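> Pasting a structure here, questions to come.
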Amino acid sequence: MSPRDVPVVRIVLAHELRAHLRGALAWTLPLAALVALVCTLQPAMSNGLLAAKLAAMPEAMRRAFGLELLDLQRPVAYLATNFMMVSIGIAVFTGLLGSSILAKEETLHTAELLYTQPVSRAQLLAGKAACVALYAIAIPLVIALVAGGLLAAIADRPLEPAVLAQLFAGVTVLALCFGGAGLLIAAVVRDARSANGVVLGVVLGTFFLGVISAASPRVAPLRWLSPFKWVEPTAIVVHGLAVIGAVGLTGVAVGCATLAIRQYRRRDLHA
Amino acid sequence: MDAIEIDHLRKDYGARIGIENVSFTVPAATMFGFIGPNGAGKTTTIRILLGLLAPTSGAARIFGVDVGSPRARTGVGYVAGEPQLYPRMRVGKLLAFLGRFHPGDHAARRRALADQFELDLDAPSAELSLGNRKKVAIAAALQHAPRLVILDEPTSGLDPIMRARLHDRLRAEVAGGTTVVVSSHVLADIQAVCERVAIVNHGRVVAIDDVRALRRRELRRVRAAFEDGRGGDILAGLTQRLAGLQGFERCGNRIAFLYRGDMPTLLDALAAAAPSDVQIEEASLEDVFLADFATPKAVGHVAA
């Protein structure tokens, strides 16, 4: 992208950020509230209650969610055991955002308004992709601040901010990955209205693929097909964020967005 | 330099043909009409010009720049047939957003257009009727002082006052050096404002000519009235005596038809029928279109 493209990208970015602010808040606030609720329960749960609950789980389930290695006295470990809904929620939102930010121009029939301006589709799409990326970064950041603030205030052991940061960095690259996938799906699926359904299928399908992959060593290689397993919260707490996983998911995000732009540039727009 | 050059343009939709072998030019600073029935290929041609559709073959240029390049749309304004707006934006914000894609400050011109077309800049776009959405689209297309404006069915949804204002505005834009292309199946609109037209049917351009020349194709609209109830018999008699009669209409004692042929023969035939009143006038563009170009739709053609 040349410096001349930047103003157009900024115009589209500002427009899309405003257009999707309500949706972003509608997903962020419940997720932040859920995390806040989980965090406020941490002192009560850390005195063996959670450990007892986890011990009552079947071993295969503990292994599937990576719970068997955790020291549950650590606030970040406690948070990691309750992180599934946050990961899925943010992945679904950014996937749907990536899909709808492209598809809406055809479903709302506003393509004639936007794509007839004297700028390239690549410039317009770069602005839209930047909006998806910004929300993919901002939403985990907001939730991280809520979680970090509450745990620092009420937990009886040190917070380990570096681990917390890695936990949310993992969710951020996961969100970027599904945001990019959403863009690509909307660019490829001819029927714009069905793109959102495909996105939901991909997010939930890859999540369950990751769960299934822990059931038996024979299906363990399936874990590589699940972005959720590349940045698994419990593994991050024990081993730290795997650089290869983070870089890999960021690469998938950039690759999907690039392919989406290439594909959409050639597409006939009928409405 | 021509504002638009279209050279053997073709667009296929799968196995079906949208337009084929479409070629014409539009000189700069003129008002050009693009007419044809629904589904004739007008919108497909316009969407190729605006870069929304890629042609299957052929070429199109705007002020010498291939329409595949976004530079071709520099200084171009477009009014869609049924414009849709971002529903959560207010009119003023929407116009300002679209204006940012064009260099310069358009605020003064935007306010003038809002006044001329009685636009409420604070109104939410979601609450606008088709006519008001059309007025917003017109303001968006004209706010940056374009050198080419393309309007697809521009008067649909507009009341007669706004229609007249739009015609006046377009004439003023052309006087200032802007090229205007109006696509419509409302031929009265084209006749009112355009100097030259391309007629498209079944995906092909079937005629390109001056509006006046088309109307002078020796085609006359004849209306006659009779005091007794002989309208039907007289029409049958005229059909036998005169070759070149088309488009018969009868309402009570009044008859109307289109005639192309020798004028003394027509007058003799009418005199023999002894009408109480006769009007013979130049055919309208719509009459010319219906008489000469409106053939049944060919199988295998489709247009967006």
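Letters A, B, ... mark the chains of the structure tokens in the order given; residue numbers begin at 1 per chain; ligand numbers begin at 1, in order shown.
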Run DSSP on the backbone and grab whatever in stretch 141-249 of chain B lands in strand (DSSP E or B); send it over as JSON, numbers by chain.
{"B": [148, 149, 150, 151, 152, 179, 180, 181, 182, 183, 184, 196, 197, 198, 199, 200, 201, 204, 205, 206, 207, 208, 209, 210, 219, 220, 221, 222, 223, 224, 225, 245, 246, 247, 248, 249]}
> With N, CA and C atoms retained, export the selected residues as an mmCIF file, in the first residue's frame.

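Saved as result.cif:
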```cif
data_model
loop_
_atom_site.group_PDB
_atom_site.id
_atom_site.type_symbol
_atom_site.label_atom_id
_atom_site.label_comp_id
_atom_site.auth_asym_id
_atom_site.auth_seq_id
_atom_site.Cartn_x
_atom_site.Cartn_y
_atom_site.Cartn_z
ATOM 1 N N LEU B 148 -18.458 14.293 -14.963
ATOM 2 C CA LEU B 148 -19.387 13.355 -15.594
ATOM 3 C C LEU B 148 -20.374 12.886 -14.534
ATOM 4 N N VAL B 149 -21.663 12.953 -14.843
ATOM 5 C CA VAL B 149 -22.694 12.429 -13.941
ATOM 6 C C VAL B 149 -23.489 11.372 -14.698
ATOM 7 N N ILE B 150 -23.638 10.220 -14.078
ATOM 8 C CA ILE B 150 -24.431 9.145 -14.673
ATOM 9 C C ILE B 150 -25.636 8.929 -13.775
ATOM 10 N N LEU B 151 -26.824 9.038 -14.357
ATOM 11 C CA LEU B 151 -28.056 8.902 -13.575
ATOM 12 C C LEU B 151 -28.884 7.762 -14.151
ATOM 13 N N ASP B 152 -29.217 6.799 -13.296
ATOM 14 C CA ASP B 152 -30.015 5.644 -13.713
ATOM 15 C C ASP B 152 -31.444 5.867 -13.217
ATOM 16 N N THR B 179 -20.590 16.587 -18.282
ATOM 17 C CA THR B 179 -21.263 15.643 -19.168
ATOM 18 C C THR B 179 -22.304 14.892 -18.337
ATOM 19 N N VAL B 180 -23.494 14.757 -18.895
ATOM 20 C CA VAL B 180 -24.566 14.069 -18.170
ATOM 21 C C VAL B 180 -25.068 12.897 -19.007
ATOM 22 N N VAL B 181 -25.131 11.733 -18.388
ATOM 23 C CA VAL B 181 -25.704 10.558 -19.043
ATOM 24 C C VAL B 181 -26.921 10.132 -18.232
ATOM 25 N N VAL B 182 -28.064 10.094 -18.908
ATOM 26 C CA VAL B 182 -29.306 9.728 -18.236
ATOM 27 C C VAL B 182 -29.815 8.425 -18.837
ATOM 28 N N SER B 183 -29.948 7.422 -17.980
ATOM 29 C CA SER B 183 -30.506 6.155 -18.427
ATOM 30 C C SER B 183 -31.929 6.064 -17.918
ATOM 31 N N SER B 184 -32.859 5.751 -18.812
ATOM 32 C CA SER B 184 -34.248 5.730 -18.367
ATOM 33 C C SER B 184 -35.110 4.954 -19.350
ATOM 34 N N ARG B 196 -28.889 13.787 -27.420
ATOM 35 C CA ARG B 196 -28.546 12.616 -28.220
ATOM 36 C C ARG B 196 -28.870 11.381 -27.388
ATOM 37 N N VAL B 197 -29.268 10.301 -28.079
ATOM 38 C CA VAL B 197 -29.618 9.091 -27.330
ATOM 39 C C VAL B 197 -29.040 7.852 -27.992
ATOM 40 N N ALA B 198 -28.783 6.858 -27.161
ATOM 41 C CA ALA B 198 -28.523 5.505 -27.639
ATOM 42 C C ALA B 198 -29.725 4.676 -27.214
ATOM 43 N N ILE B 199 -30.256 3.910 -28.141
ATOM 44 C CA ILE B 199 -31.384 3.047 -27.808
ATOM 45 C C ILE B 199 -30.866 1.626 -27.716
ATOM 46 N N VAL B 200 -31.122 0.996 -26.587
ATOM 47 C CA VAL B 200 -30.615 -0.351 -26.364
ATOM 48 C C VAL B 200 -31.802 -1.286 -26.159
ATOM 49 N N ASN B 201 -31.707 -2.457 -26.768
ATOM 50 C CA ASN B 201 -32.755 -3.461 -26.602
ATOM 51 C C ASN B 201 -32.126 -4.839 -26.727
ATOM 52 N N ARG B 204 -28.332 -5.060 -26.992
ATOM 53 C CA ARG B 204 -27.595 -4.468 -28.112
ATOM 54 C C ARG B 204 -28.037 -3.017 -28.314
ATOM 55 N N VAL B 205 -27.132 -2.183 -28.796
ATOM 56 C CA VAL B 205 -27.504 -0.821 -29.166
ATOM 57 C C VAL B 205 -28.146 -0.901 -30.553
ATOM 58 N N VAL B 206 -29.396 -0.487 -30.634
ATOM 59 C CA VAL B 206 -30.105 -0.594 -31.916
ATOM 60 C C VAL B 206 -30.150 0.734 -32.661
ATOM 61 N N ALA B 207 -29.865 1.824 -32.003
ATOM 62 C CA ALA B 207 -29.811 3.121 -32.696
ATOM 63 C C ALA B 207 -29.087 4.134 -31.816
ATOM 64 N N ILE B 208 -28.352 5.009 -32.482
ATOM 65 C CA ILE B 208 -27.754 6.158 -31.789
ATOM 66 C C ILE B 208 -28.004 7.360 -32.679
ATOM 67 N N ASP B 209 -28.639 8.356 -32.141
ATOM 68 C CA ASP B 209 -28.944 9.506 -32.988
ATOM 69 C C ASP B 209 -29.302 10.697 -32.113
ATOM 70 N N ASP B 210 -29.436 11.867 -32.771
ATOM 71 C CA ASP B 210 -29.948 13.035 -32.065
ATOM 72 C C ASP B 210 -31.419 12.799 -31.755
ATOM 73 N N LEU B 219 -42.232 9.828 -38.864
ATOM 74 C CA LEU B 219 -43.302 9.170 -38.123
ATOM 75 C C LEU B 219 -44.185 10.257 -37.533
ATOM 76 N N ARG B 220 -45.467 10.138 -37.750
ATOM 77 C CA ARG B 220 -46.416 11.137 -37.250
ATOM 78 C C ARG B 220 -47.437 10.463 -36.350
ATOM 79 N N ARG B 221 -47.795 11.169 -35.285
ATOM 80 C CA ARG B 221 -48.917 10.679 -34.473
ATOM 81 C C ARG B 221 -50.160 11.403 -34.947
ATOM 82 N N VAL B 222 -51.152 10.646 -35.316
ATOM 83 C CA VAL B 222 -52.396 11.214 -35.857
ATOM 84 C C VAL B 222 -53.526 10.930 -34.880
ATOM 85 N N ARG B 223 -54.264 11.989 -34.547
ATOM 86 C CA ARG B 223 -55.448 11.826 -33.706
ATOM 87 C C ARG B 223 -56.644 12.397 -34.462
ATOM 88 N N ALA B 224 -57.745 11.689 -34.458
ATOM 89 C CA ALA B 224 -58.940 12.189 -35.153
ATOM 90 C C ALA B 224 -60.174 11.893 -34.309
ATOM 91 N N ALA B 225 -61.170 12.772 -34.435
ATOM 92 C CA ALA B 225 -62.429 12.574 -33.712
ATOM 93 C C ALA B 225 -63.575 12.581 -34.706
ATOM 94 N N LEU B 245 -49.426 2.160 -41.168
ATOM 95 C CA LEU B 245 -50.120 2.538 -39.927
ATOM 96 C C LEU B 245 -49.699 1.599 -38.798
ATOM 97 N N GLN B 246 -49.463 2.179 -37.620
ATOM 98 C CA GLN B 246 -49.079 1.362 -36.462
ATOM 99 C C GLN B 246 -49.730 1.933 -35.209
ATOM 100 N N GLY B 247 -49.684 1.188 -34.156
ATOM 101 C CA GLY B 247 -50.055 1.682 -32.816
ATOM 102 C C GLY B 247 -51.462 2.223 -32.733
ATOM 103 N N PHE B 248 -52.433 1.452 -33.259
ATOM 104 C CA PHE B 248 -53.813 1.947 -33.245
ATOM 105 C C PHE B 248 -54.354 2.026 -31.826
ATOM 106 N N GLU B 249 -55.107 3.093 -31.581
ATOM 107 C CA GLU B 249 -55.837 3.204 -30.306
ATOM 108 C C GLU B 249 -57.213 3.751 -30.639
#
```
> So which residues touch A:Ala122 within 12 Å, counting only C-alpha atoms, skipping near sequence neighbours fewer than 3 positions away, as a PyMOL selection string?
(chain A and resi 1-2+5-6+8-9+12+115+118-119+125-130+257-267) or (chain B and resi 69-70)
> Once you count only C-alpha atoms, which residues of chain B turn out to be within 7 Å of chain A? Could you give them as a PyMOL selection string?
chain B and resi 50-54+70-71+73-74+84-86+101
> Any idea what's packed within 12 Å of A:Leu164, counting only C-alpha atoms, ignoring anything in its chain fewer than 2 positions away? Could you give it as number ranges by chain?
A: 74-80, 83, 140-141, 143-149, 151-152, 158-162, 166-171, 233-234, 236-238, 240-241
> Could you dump the residues just selected with N, CA and C atoms as a short mmCIF file (atom, residue, chain, number, x, y, z; two decimals), in the first residue's frame?

```cif
data_model
loop_
_atom_site.label_atom_id
_atom_site.label_comp_id
_atom_site.auth_asym_id
_atom_site.auth_seq_id
_atom_site.Cartn_x
_atom_site.Cartn_y
_atom_site.Cartn_z
N ARG A 74 -3.14 -20.03 41.61
CA ARG A 74 -2.69 -18.85 40.85
C ARG A 74 -3.91 -18.17 40.21
N PRO A 75 -4.08 -16.85 40.39
CA PRO A 75 -5.25 -16.17 39.80
C PRO A 75 -5.34 -16.37 38.29
N VAL A 76 -4.19 -16.32 37.58
CA VAL A 76 -4.25 -16.46 36.11
C VAL A 76 -4.66 -17.88 35.73
N ALA A 77 -4.27 -18.88 36.56
CA ALA A 77 -4.67 -20.26 36.28
C ALA A 77 -6.17 -20.42 36.46
N TYR A 78 -6.65 -19.79 37.53
CA TYR A 78 -8.11 -19.80 37.77
C TYR A 78 -8.84 -19.16 36.59
N LEU A 79 -8.33 -18.01 36.14
CA LEU A 79 -8.97 -17.32 35.00
C LEU A 79 -8.94 -18.21 33.75
N ALA A 80 -7.80 -18.90 33.55
CA ALA A 80 -7.65 -19.73 32.35
C ALA A 80 -8.68 -20.86 32.31
N PHE A 83 -11.91 -19.56 30.74
CA PHE A 83 -11.65 -18.68 29.61
C PHE A 83 -12.35 -19.10 28.33
N PRO A 140 -10.29 -7.76 23.42
CA PRO A 140 -9.51 -8.48 24.44
C PRO A 140 -8.81 -7.54 25.41
N LEU A 141 -8.39 -6.38 24.90
CA LEU A 141 -7.69 -5.42 25.77
C LEU A 141 -8.62 -4.92 26.88
N ILE A 143 -11.29 -6.40 28.03
CA ILE A 143 -11.60 -7.50 28.96
C ILE A 143 -10.38 -7.81 29.84
N ALA A 144 -9.19 -7.70 29.27
CA ALA A 144 -7.97 -7.92 30.05
C ALA A 144 -7.85 -6.89 31.17
N LEU A 145 -8.18 -5.64 30.85
CA LEU A 145 -8.10 -4.59 31.88
C LEU A 145 -9.09 -4.86 33.01
N VAL A 146 -10.31 -5.30 32.65
CA VAL A 146 -11.32 -5.63 33.67
C VAL A 146 -10.81 -6.77 34.54
N ALA A 147 -10.34 -7.85 33.86
CA ALA A 147 -9.89 -9.04 34.60
C ALA A 147 -8.67 -8.71 35.47
N GLY A 148 -7.72 -8.02 34.87
CA GLY A 148 -6.49 -7.67 35.60
C GLY A 148 -6.78 -6.80 36.80
N GLY A 149 -7.65 -5.79 36.59
CA GLY A 149 -7.98 -4.87 37.66
C GLY A 149 -8.65 -5.58 38.83
N LEU A 151 -8.74 -8.93 39.53
CA LEU A 151 -7.90 -9.96 40.17
C LEU A 151 -6.82 -9.30 41.04
N ALA A 152 -6.26 -8.19 40.55
CA ALA A 152 -5.23 -7.50 41.34
C ALA A 152 -5.82 -6.99 42.65
N PRO A 158 -0.25 -13.05 44.08
CA PRO A 158 0.14 -12.06 43.04
C PRO A 158 -0.50 -12.39 41.69
N LEU A 159 -0.73 -11.32 40.92
CA LEU A 159 -1.49 -11.47 39.67
C LEU A 159 -0.70 -12.11 38.54
N GLU A 160 0.58 -11.92 38.44
CA GLU A 160 1.42 -12.36 37.30
C GLU A 160 0.96 -11.66 36.00
N PRO A 161 1.14 -10.34 35.94
CA PRO A 161 0.63 -9.59 34.78
C PRO A 161 1.21 -10.06 33.45
N ALA A 162 2.45 -10.54 33.45
CA ALA A 162 3.04 -10.99 32.18
C ALA A 162 2.27 -12.19 31.63
N GLN A 166 -0.04 -12.47 28.24
CA GLN A 166 0.10 -13.53 27.22
C GLN A 166 -1.24 -14.23 26.97
N LEU A 167 -2.00 -14.39 28.05
CA LEU A 167 -3.33 -15.02 27.92
C LEU A 167 -4.19 -14.21 26.93
N PHE A 168 -4.19 -12.89 27.12
CA PHE A 168 -5.02 -12.05 26.26
C PHE A 168 -4.37 -11.83 24.89
N ALA A 169 -3.05 -11.91 24.83
CA ALA A 169 -2.40 -11.85 23.51
C ALA A 169 -2.84 -13.06 22.69
N GLY A 170 -2.95 -14.21 23.36
CA GLY A 170 -3.42 -15.41 22.67
C GLY A 170 -4.82 -15.23 22.11
N VAL A 171 -5.73 -14.65 22.92
CA VAL A 171 -7.10 -14.40 22.44
C VAL A 171 -7.09 -13.39 21.30
N PRO A 233 -5.52 -21.43 26.56
CA PRO A 233 -5.24 -20.64 27.78
C PRO A 233 -4.48 -21.42 28.85
N THR A 234 -4.90 -22.66 29.12
CA THR A 234 -4.24 -23.41 30.20
C THR A 234 -2.78 -23.69 29.84
N ILE A 236 -0.93 -21.76 27.99
CA ILE A 236 -0.22 -20.48 28.11
C ILE A 236 0.18 -20.24 29.57
N VAL A 237 -0.72 -20.57 30.50
CA VAL A 237 -0.43 -20.37 31.92
C VAL A 237 0.76 -21.24 32.37
N VAL A 238 0.82 -22.46 31.83
CA VAL A 238 1.88 -23.38 32.24
C VAL A 238 3.19 -23.12 31.49
N GLY A 240 3.65 -20.61 28.86
CA GLY A 240 3.78 -19.32 28.19
C GLY A 240 3.19 -19.41 26.79
N LEU A 241 2.97 -18.24 26.18
CA LEU A 241 2.40 -18.19 24.83
C LEU A 241 3.41 -18.75 23.83
#
```
> Between atom CA of A:Leu21 and atom CA of A:Gly248, what is the distance, to one decimal in Å?
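A separation of 28.4 Å between them.
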> In Å, rounded to a single decimal, give me how far atom CA of B:Pro124 is from atom CA of B:Arg88.
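Atom-to-atom, atom CA of B:Arg88 to atom CA of B:Pro124, that is 6.7 Å.
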> What does the distance from atom CA of B:Val79 to atom CA of B:Ala164 come to in Å, to one decimal?
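Going from atom CA of B:Val79 over to atom CA of B:Ala164, I get 16.7 Å.
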